[in-house]
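Have a look at coords21.cif; it's mmCIF, C-alpha atoms, pLDDT in the B column; chains and numbers go by the auth columns:
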```cif
data_work
#
loop_
_atom_site.group_PDB
_atom_site.id
_atom_site.type_symbol
_atom_site.label_atom_id
_atom_site.label_comp_id
_atom_site.label_asym_id
_atom_site.label_seq_id
_atom_site.Cartn_x
_atom_site.Cartn_y
_atom_site.Cartn_z
_atom_site.B_iso_or_equiv
_atom_site.auth_seq_id
_atom_site.auth_asym_id
ATOM 1 C CA MET A 1 16.187 9.577 -182.715 57.00 1 S
ATOM 2 C CA LYS A 2 16.831 12.313 -180.177 62.00 2 S
ATOM 3 C CA PHE A 3 15.999 9.907 -177.384 60.00 3 S
ATOM 4 C CA LEU A 4 19.126 7.897 -178.251 59.00 4 S
ATOM 5 C CA VAL A 5 21.547 10.828 -178.259 58.00 5 S
ATOM 6 C CA ASN A 6 23.242 12.563 -175.325 56.00 6 S
ATOM 7 C CA ARG A 7 21.604 10.532 -172.633 67.00 7 S
ATOM 8 C CA ALA A 8 23.565 9.844 -169.526 72.00 8 S
ATOM 9 C CA GLU A 9 22.546 6.263 -168.884 81.00 9 S
ATOM 10 C CA LYS A 10 23.172 4.589 -165.606 88.00 10 S
ATOM 11 C CA LEU A 11 22.719 0.924 -164.889 90.00 11 S
ATOM 12 C CA PRO A 12 21.167 -0.110 -161.598 88.00 12 S
ATOM 13 C CA PRO A 13 23.711 -1.090 -158.942 92.00 13 S
ATOM 14 C CA SER A 14 25.011 -4.651 -158.924 94.00 14 S
ATOM 15 C CA SER A 15 23.241 -7.029 -156.609 91.00 15 S
ATOM 16 C CA PRO A 16 25.149 -8.236 -153.566 92.00 16 S
ATOM 17 C CA LYS A 17 26.556 -11.738 -153.962 94.00 17 S
ATOM 18 C CA THR A 18 24.139 -13.069 -151.315 93.00 18 S
ATOM 19 C CA ASN A 19 21.203 -11.849 -153.415 93.00 19 S
ATOM 20 C CA LEU A 20 22.651 -13.442 -156.537 96.00 20 S
ATOM 21 C CA LEU A 21 23.072 -16.709 -154.684 96.00 21 S
ATOM 22 C CA ARG A 22 19.539 -16.463 -153.279 96.00 22 S
ATOM 23 C CA SER A 23 18.160 -15.894 -156.808 97.00 23 S
ATOM 24 C CA LEU A 24 20.110 -18.835 -158.204 98.00 24 S
ATOM 25 C CA LEU A 25 19.038 -21.094 -155.363 98.00 25 S
ATOM 26 C CA GLY A 26 15.436 -19.889 -155.358 98.00 26 S
ATOM 27 C CA GLY A 27 14.816 -20.160 -159.081 98.00 27 S
ATOM 28 C CA THR A 28 16.472 -23.567 -159.304 98.00 28 S
ATOM 29 C CA LEU A 29 14.738 -24.960 -156.227 98.00 29 S
ATOM 30 C CA ALA A 30 11.319 -23.601 -157.174 98.00 30 S
ATOM 31 C CA ILE A 31 11.258 -25.118 -160.656 98.00 31 S
ATOM 32 C CA LEU A 32 12.898 -28.345 -159.446 98.00 32 S
ATOM 33 C CA VAL A 33 10.265 -28.779 -156.723 98.00 33 S
ATOM 34 C CA LEU A 34 7.416 -28.159 -159.172 98.00 34 S
ATOM 35 C CA GLU A 35 8.906 -30.634 -161.649 98.00 35 S
ATOM 36 C CA MET A 36 9.497 -33.283 -158.975 98.00 36 S
ATOM 37 C CA LEU A 37 6.013 -32.833 -157.505 96.00 37 S
ATOM 38 C CA SER A 38 4.590 -33.135 -161.020 97.00 38 S
ATOM 39 C CA GLN A 39 6.370 -36.463 -161.524 97.00 39 S
ATOM 40 C CA TYR A 40 5.599 -37.772 -158.045 96.00 40 S
ATOM 41 C CA THR A 41 1.894 -36.890 -158.093 94.00 41 S
ATOM 42 C CA ALA A 42 1.327 -37.374 -161.838 94.00 42 S
ATOM 43 C CA THR A 43 -0.352 -33.945 -161.716 93.00 43 S
ATOM 44 C CA HIS A 44 0.946 -31.133 -163.874 92.00 44 S
ATOM 45 C CA LEU A 45 2.118 -28.329 -161.545 96.00 45 S
ATOM 46 C CA ILE A 46 4.244 -26.233 -163.861 96.00 46 S
ATOM 47 C CA MET A 47 3.667 -23.852 -166.736 97.00 47 S
ATOM 48 C CA ALA A 48 5.969 -21.529 -168.664 97.00 48 S
ATOM 49 C CA PRO A 49 4.941 -18.251 -166.964 98.00 49 S
ATOM 50 C CA PHE A 50 6.213 -19.662 -163.661 98.00 50 S
ATOM 51 C CA GLY A 51 9.782 -19.155 -164.911 98.00 51 S
ATOM 52 C CA ALA A 52 9.140 -15.420 -165.142 98.00 52 S
ATOM 53 C CA THR A 53 7.415 -15.516 -161.759 98.00 53 S
ATOM 54 C CA CYS A 54 10.652 -16.904 -160.315 98.00 54 S
ATOM 55 C CA VAL A 55 12.549 -13.903 -161.691 98.00 55 S
ATOM 56 C CA LEU A 56 10.280 -11.573 -159.734 98.00 56 S
ATOM 57 C CA LEU A 57 10.122 -13.740 -156.602 98.00 57 S
ATOM 58 C CA PHE A 58 13.859 -14.200 -156.274 98.00 58 S
ATOM 59 C CA ALA A 59 15.526 -11.285 -158.093 97.00 59 S
ATOM 60 C CA VAL A 60 13.213 -8.404 -157.116 96.00 60 S
ATOM 61 C CA SER A 61 11.263 -9.838 -154.205 97.00 61 S
ATOM 62 C CA THR A 62 10.521 -6.450 -152.619 95.00 62 S
ATOM 63 C CA SER A 63 8.573 -5.322 -155.679 97.00 63 S
ATOM 64 C CA PRO A 64 4.780 -5.136 -155.302 97.00 64 S
ATOM 65 C CA LEU A 65 4.668 -7.387 -158.377 98.00 65 S
ATOM 66 C CA ALA A 66 6.398 -10.159 -156.397 98.00 66 S
ATOM 67 C CA GLN A 67 4.108 -10.273 -153.354 98.00 67 S
ATOM 68 C CA PRO A 68 1.974 -13.370 -152.622 98.00 68 S
ATOM 69 C CA ARG A 69 -1.319 -11.599 -153.391 98.00 69 S
ATOM 70 C CA ASN A 70 -0.044 -10.571 -156.825 98.00 70 S
ATOM 71 C CA VAL A 71 1.509 -13.923 -157.679 98.00 71 S
ATOM 72 C CA ILE A 72 -1.410 -16.121 -156.648 98.00 72 S
ATOM 73 C CA LEU A 73 -4.347 -13.909 -157.606 98.00 73 S
ATOM 74 C CA GLY A 74 -2.635 -12.601 -160.735 98.00 74 S
ATOM 75 C CA HIS A 75 -2.071 -16.109 -162.100 98.00 75 S
ATOM 76 C CA PHE A 76 -5.540 -17.283 -161.052 98.00 76 S
ATOM 77 C CA ILE A 77 -7.411 -14.323 -162.556 98.00 77 S
ATOM 78 C CA SER A 78 -5.460 -14.366 -165.817 98.00 78 S
ATOM 79 C CA ALA A 79 -5.862 -18.113 -166.278 98.00 79 S
ATOM 80 C CA PHE A 80 -9.578 -17.785 -165.483 98.00 80 S
ATOM 81 C CA VAL A 81 -9.917 -15.113 -168.169 99.00 81 S
ATOM 82 C CA GLY A 82 -8.042 -17.301 -170.666 98.00 82 S
ATOM 83 C CA LEU A 83 -10.288 -20.291 -169.957 98.00 83 S
ATOM 84 C CA LEU A 84 -13.441 -18.157 -170.021 98.00 84 S
ATOM 85 C CA PHE A 85 -12.547 -16.697 -173.418 98.00 85 S
ATOM 86 C CA LEU A 86 -11.662 -20.154 -174.752 98.00 86 S
ATOM 87 C CA LYS A 87 -14.967 -21.657 -173.593 98.00 87 S
ATOM 88 C CA LEU A 88 -17.207 -18.726 -174.568 98.00 88 S
ATOM 89 C CA PHE A 89 -15.618 -17.318 -177.705 98.00 89 S
ATOM 90 C CA GLY A 90 -13.145 -19.877 -179.033 98.00 90 S
ATOM 91 C CA ILE A 91 -9.786 -19.122 -180.552 98.00 91 S
ATOM 92 C CA SER A 92 -9.131 -16.155 -182.811 98.00 92 S
ATOM 93 C CA ILE A 93 -6.632 -13.342 -182.996 98.00 93 S
ATOM 94 C CA PHE A 94 -9.251 -11.036 -181.499 98.00 94 S
ATOM 95 C CA THR A 95 -10.227 -13.230 -178.561 98.00 95 S
ATOM 96 C CA THR A 96 -6.580 -13.896 -177.787 98.00 96 S
ATOM 97 C CA ALA A 97 -5.720 -10.199 -177.772 98.00 97 S
ATOM 98 C CA LEU A 98 -8.842 -9.221 -175.832 98.00 98 S
ATOM 99 C CA ALA A 99 -8.272 -11.958 -173.241 98.00 99 S
ATOM 100 C CA VAL A 100 -4.815 -10.552 -172.465 98.00 100 S
ATOM 101 C CA GLY A 101 -6.226 -7.026 -172.225 98.00 101 S
ATOM 102 C CA VAL A 102 -9.079 -8.105 -169.957 99.00 102 S
ATOM 103 C CA ALA A 103 -6.674 -10.064 -167.735 99.00 103 S
ATOM 104 C CA ILE A 104 -4.442 -7.001 -167.365 98.00 104 S
ATOM 105 C CA GLY A 105 -7.410 -4.771 -166.608 98.00 105 S
ATOM 106 C CA LEU A 106 -8.782 -7.171 -163.986 98.00 106 S
ATOM 107 C CA MET A 107 -5.400 -7.522 -162.306 98.00 107 S
ATOM 108 C CA GLN A 108 -5.136 -3.734 -162.107 98.00 108 S
ATOM 109 C CA TRP A 109 -8.693 -3.309 -160.851 98.00 109 S
ATOM 110 C CA LEU A 110 -8.210 -5.998 -158.179 97.00 110 S
ATOM 111 C CA ARG A 111 -4.744 -4.648 -157.280 97.00 111 S
ATOM 112 C CA CYS A 112 -2.880 -7.864 -157.975 98.00 112 S
ATOM 113 C CA VAL A 113 -0.778 -7.100 -161.054 98.00 113 S
ATOM 114 C CA HIS A 114 1.732 -9.837 -161.792 98.00 114 S
ATOM 115 C CA PRO A 115 3.318 -9.457 -165.264 98.00 115 S
ATOM 116 C CA PRO A 116 4.130 -13.154 -165.839 98.00 116 S
ATOM 117 C CA ALA A 117 0.431 -13.905 -165.352 98.00 117 S
ATOM 118 C CA GLY A 118 -0.330 -11.807 -168.417 98.00 118 S
ATOM 119 C CA ALA A 119 1.002 -14.749 -170.422 98.00 119 S
ATOM 120 C CA ASN A 120 -1.611 -17.168 -169.047 98.00 120 S
ATOM 121 C CA PRO A 121 -4.360 -16.315 -171.558 98.00 121 S
ATOM 122 C CA LEU A 122 -1.765 -16.634 -174.329 98.00 122 S
ATOM 123 C CA VAL A 123 -0.618 -20.027 -173.063 97.00 123 S
ATOM 124 C CA ILE A 124 -4.206 -21.246 -172.937 98.00 124 S
ATOM 125 C CA LEU A 125 -5.466 -19.817 -176.229 98.00 125 S
ATOM 126 C CA LEU A 126 -2.331 -20.475 -178.273 98.00 126 S
ATOM 127 C CA THR A 127 -2.026 -24.108 -177.179 98.00 127 S
ATOM 128 C CA ALA A 128 -5.719 -25.054 -176.959 97.00 128 S
ATOM 129 C CA ASN A 129 -5.460 -27.013 -180.228 97.00 129 S
ATOM 130 C CA GLN A 130 -2.811 -29.274 -178.660 97.00 130 S
ATOM 131 C CA VAL A 131 -4.003 -29.359 -175.036 95.00 131 S
ATOM 132 C CA SER A 132 -7.484 -30.041 -173.743 95.00 132 S
ATOM 133 C CA TYR A 133 -8.101 -27.366 -171.106 97.00 133 S
ATOM 134 C CA ASP A 134 -10.829 -27.698 -168.504 97.00 134 S
ATOM 135 C CA TRP A 135 -11.655 -25.697 -165.387 98.00 135 S
ATOM 136 C CA GLY A 136 -9.395 -27.990 -163.341 97.00 136 S
ATOM 137 C CA PHE A 137 -6.459 -26.151 -164.938 98.00 137 S
ATOM 138 C CA LEU A 138 -7.194 -23.355 -162.457 98.00 138 S
ATOM 139 C CA LEU A 139 -6.352 -25.723 -159.589 98.00 139 S
ATOM 140 C CA PHE A 140 -3.516 -27.677 -161.239 97.00 140 S
ATOM 141 C CA PRO A 141 -1.148 -26.125 -162.247 98.00 141 S
ATOM 142 C CA VAL A 142 -2.289 -22.516 -161.711 98.00 142 S
ATOM 143 C CA LEU A 143 -3.309 -22.356 -158.051 98.00 143 S
ATOM 144 C CA ALA A 144 -1.220 -25.235 -156.707 98.00 144 S
ATOM 145 C CA GLY A 145 1.846 -24.113 -158.647 98.00 145 S
ATOM 146 C CA SER A 146 1.626 -20.450 -157.697 98.00 146 S
ATOM 147 C CA ILE A 147 1.032 -21.271 -154.022 98.00 147 S
ATOM 148 C CA SER A 148 4.016 -23.637 -154.108 98.00 148 S
ATOM 149 C CA LEU A 149 6.222 -20.922 -155.598 98.00 149 S
ATOM 150 C CA VAL A 150 5.151 -18.489 -152.879 98.00 150 S
ATOM 151 C CA MET A 151 5.905 -21.050 -150.141 98.00 151 S
ATOM 152 C CA ILE A 152 9.359 -21.730 -151.580 98.00 152 S
ATOM 153 C CA ALA A 153 9.987 -17.976 -151.830 98.00 153 S
ATOM 154 C CA LEU A 154 8.913 -17.594 -148.205 98.00 154 S
ATOM 155 C CA VAL A 155 11.710 -19.931 -147.149 98.00 155 S
ATOM 156 C CA VAL A 156 14.428 -18.882 -149.602 98.00 156 S
ATOM 157 C CA ASN A 157 13.827 -15.127 -149.390 97.00 157 S
ATOM 158 C CA ASN A 158 14.086 -15.154 -145.606 96.00 158 S
ATOM 159 C CA ILE A 159 17.406 -17.007 -145.346 93.00 159 S
ATOM 160 C CA LYS A 160 19.838 -14.489 -143.840 88.00 160 S
ATOM 161 C CA ALA A 161 17.854 -11.684 -145.469 89.00 161 S
ATOM 162 C CA PRO A 162 18.166 -8.139 -144.141 87.00 162 S
ATOM 163 C CA VAL A 163 14.486 -7.508 -144.973 90.00 163 S
ATOM 164 C CA LYS A 164 11.828 -10.145 -144.384 95.00 164 S
ATOM 165 C CA TRP A 165 9.617 -11.251 -147.248 97.00 165 S
ATOM 166 C CA PRO A 166 6.783 -10.738 -148.079 97.00 166 S
ATOM 167 C CA ASN A 167 5.945 -7.077 -147.682 96.00 167 S
ATOM 168 C CA TYR A 168 2.259 -8.051 -147.425 95.00 168 S
ATOM 169 C CA TRP A 169 0.042 -11.070 -147.980 93.00 169 S
ATOM 170 C CA PHE A 170 -3.590 -10.529 -148.944 87.00 170 S
ATOM 171 C CA ALA A 171 -4.487 -7.201 -147.332 77.00 171 S
ATOM 172 C CA LEU A 172 -8.128 -6.607 -148.221 64.00 172 S
ATOM 173 C CA ILE A 173 -8.725 -3.483 -146.151 52.00 173 S
ATOM 174 C CA LYS A 174 -8.144 -0.187 -147.935 55.00 174 S
ATOM 175 C CA ASN A 175 -5.720 2.278 -146.388 53.00 175 S
ATOM 176 C CA LYS A 176 -7.579 5.392 -145.276 51.00 176 S
ATOM 177 C CA SER A 177 -4.765 7.839 -145.936 46.00 177 S
#
```

Let me see the structure of the file written as structure tokens.
Amino acid sequence: MKFLVNRAEKLPPSSPKTNLLRSLLGGTLAILVLEMLSQYTATHLIMAPFGATCVLLFAVSTSPLAQPRNVILGHFISAFVGLLFLKLFGISIFTTALAVGVAIGLMQWLRCVHPPAGANPLVILLTANQVSYDWGFLLFPVLAGSISLVMIALVVNNIKAPVKWPNYWFALIKNKS
């Protein structure tokens, strides 16, 4: 237990009130819009990992994990892996665990790590007995929902912000440094 003793711990600095307000507004607006669009279009546009995506988009928006490329591709790739494992291998403790690991590995390899997306294979494989998943799930809610969240973040995160968001979009060209 040495790691618990004699450590000088320091919390990160408090966020400015404008950032707190932006996070409150952004998270509320993002989920409200997805819920309202879901009701209006009768198309499901929301899933649980989007709540965690909102934390990154609005509370730590400068993080690489909160950039559009990471949000959109991370959710898409992880949901694809979850569906692929469901269709090819079915549901077991091993396929569920491996699907999460493969999703993480692919996100790293493709440079689009988005931690909330790591839950997508779990959502799919743990609820497949109650929900009938097809490949359309990749479009609605995964792609449409993640793009909507990014568009809302684009507006909210740039309201009176000292630094413009995002830091990057979908840069595909490698830096030669």

Leaving out Thr127 of chain S and any residue of its chain fewer than 5 positions from it, which residues lie within 12 Å of it when counting only C-alpha atoms, given as a PDB file with C-alpha atoms, keeping the file's coordinate frame?
```
ATOM      1  CA  MET S  47       3.667 -23.852-166.736  1.00 97.00           C
ATOM      2  CA  ALA S  48       5.969 -21.529-168.664  1.00 97.00           C
ATOM      3  CA  GLY S  82      -8.042 -17.301-170.666  1.00 98.00           C
ATOM      4  CA  LEU S  83     -10.288 -20.291-169.957  1.00 98.00           C
ATOM      5  CA  LEU S  86     -11.662 -20.154-174.752  1.00 98.00           C
ATOM      6  CA  ILE S  91      -9.786 -19.122-180.552  1.00 98.00           C
ATOM      7  CA  THR S  96      -6.580 -13.896-177.787  1.00 98.00           C
ATOM      8  CA  ALA S 119       1.002 -14.749-170.422  1.00 98.00           C
ATOM      9  CA  ASN S 120      -1.611 -17.168-169.047  1.00 98.00           C
ATOM     10  CA  PRO S 121      -4.360 -16.315-171.558  1.00 98.00           C
ATOM     11  CA  LEU S 122      -1.765 -16.634-174.329  1.00 98.00           C
ATOM     12  CA  SER S 132      -7.484 -30.041-173.743  1.00 95.00           C
ATOM     13  CA  TYR S 133      -8.101 -27.366-171.106  1.00 97.00           C
TER      14      TYR S 133
END
```

Completion exercise
Computed gap from atom CA of Leu125 of chain S to atom CA of Gly90 of chain S is 8.2 Å

Exercise for the section: Find the residues around Val142 of chain S up to 10 Å (all atoms listed in the file counted), leave out those fewer than 3 positions away in its own chain, and share them as a list in words. Expected result: His44, Leu45, Ile46, Met47, Pro49, Phe50, Ile72, Leu73, Gly74, His75, Phe76, Ile77, Ser78, Ala79, Phe80, Ala117, Asn120, Gly136, Phe137, Leu138, Leu139, Gly145, Ser146, Ile147 and Ser148 of chain S

Using only C-alpha atoms, please write the residues we just selected to a file, as a PDB file, in the coordinates of the input.
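Here's the written file part.pdb:
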```
ATOM      1  CA  HIS S  44       0.946 -31.133-163.874  1.00 92.00           C
ATOM      2  CA  LEU S  45       2.118 -28.329-161.545  1.00 96.00           C
ATOM      3  CA  ILE S  46       4.244 -26.233-163.861  1.00 96.00           C
ATOM      4  CA  MET S  47       3.667 -23.852-166.736  1.00 97.00           C
ATOM      5  CA  PRO S  49       4.941 -18.251-166.964  1.00 98.00           C
ATOM      6  CA  PHE S  50       6.213 -19.662-163.661  1.00 98.00           C
ATOM      7  CA  ILE S  72      -1.410 -16.121-156.648  1.00 98.00           C
ATOM      8  CA  LEU S  73      -4.347 -13.909-157.606  1.00 98.00           C
ATOM      9  CA  GLY S  74      -2.635 -12.601-160.735  1.00 98.00           C
ATOM     10  CA  HIS S  75      -2.071 -16.109-162.100  1.00 98.00           C
ATOM     11  CA  PHE S  76      -5.540 -17.283-161.052  1.00 98.00           C
ATOM     12  CA  ILE S  77      -7.411 -14.323-162.556  1.00 98.00           C
ATOM     13  CA  SER S  78      -5.460 -14.366-165.817  1.00 98.00           C
ATOM     14  CA  ALA S  79      -5.862 -18.113-166.278  1.00 98.00           C
ATOM     15  CA  PHE S  80      -9.578 -17.785-165.483  1.00 98.00           C
ATOM     16  CA  ALA S 117       0.431 -13.905-165.352  1.00 98.00           C
ATOM     17  CA  ASN S 120      -1.611 -17.168-169.047  1.00 98.00           C
ATOM     18  CA  GLY S 136      -9.395 -27.990-163.341  1.00 97.00           C
ATOM     19  CA  PHE S 137      -6.459 -26.151-164.938  1.00 98.00           C
ATOM     20  CA  LEU S 138      -7.194 -23.355-162.457  1.00 98.00           C
ATOM     21  CA  LEU S 139      -6.352 -25.723-159.589  1.00 98.00           C
ATOM     22  CA  GLY S 145       1.846 -24.113-158.647  1.00 98.00           C
ATOM     23  CA  SER S 146       1.626 -20.450-157.697  1.00 98.00           C
ATOM     24  CA  ILE S 147       1.032 -21.271-154.022  1.00 98.00           C
ATOM     25  CA  SER S 148       4.016 -23.637-154.108  1.00 98.00           C
TER      26      SER S 148
END
```

Exercise for the section: For atom CA of Ile159 of chain S and atom CA of Val71 of chain S, quote the distance in Å rounded to one decimal. Expected result: 20.4 Å

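The closest residue to Ser61 of chain S, picked from S:Val81, S:Ala171, S:Leu154, S:Leu34 and counting only C-alpha atoms, is S:Leu154.
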
What's around Ala59 of chain S at 8 Å? Count all atoms listed in the file, leave out sequence neighbours fewer than 4 positions away in its own chain, and write the answer as a compact mmCIF listing (two decimals) with C-alpha atoms, in the coordinates of the input.
```
# COMPACT_ATOMS: atom_id res chain seq x y z
CA ASN S 19 21.20 -11.85 -153.42
CA LEU S 20 22.65 -13.44 -156.54
CA SER S 23 18.16 -15.89 -156.81
CA CYS S 54 10.65 -16.90 -160.32
CA VAL S 55 12.55 -13.90 -161.69
```

Handout entry: Reference answer for the PyMOL selection byres ((chain S and resi 113) around 8), as a list in words
Key = Leu65, Asn70, Val71, Gly74, Ile104, Met107, Gln108, Arg111, Cys112, His114 and Pro115 of chain S
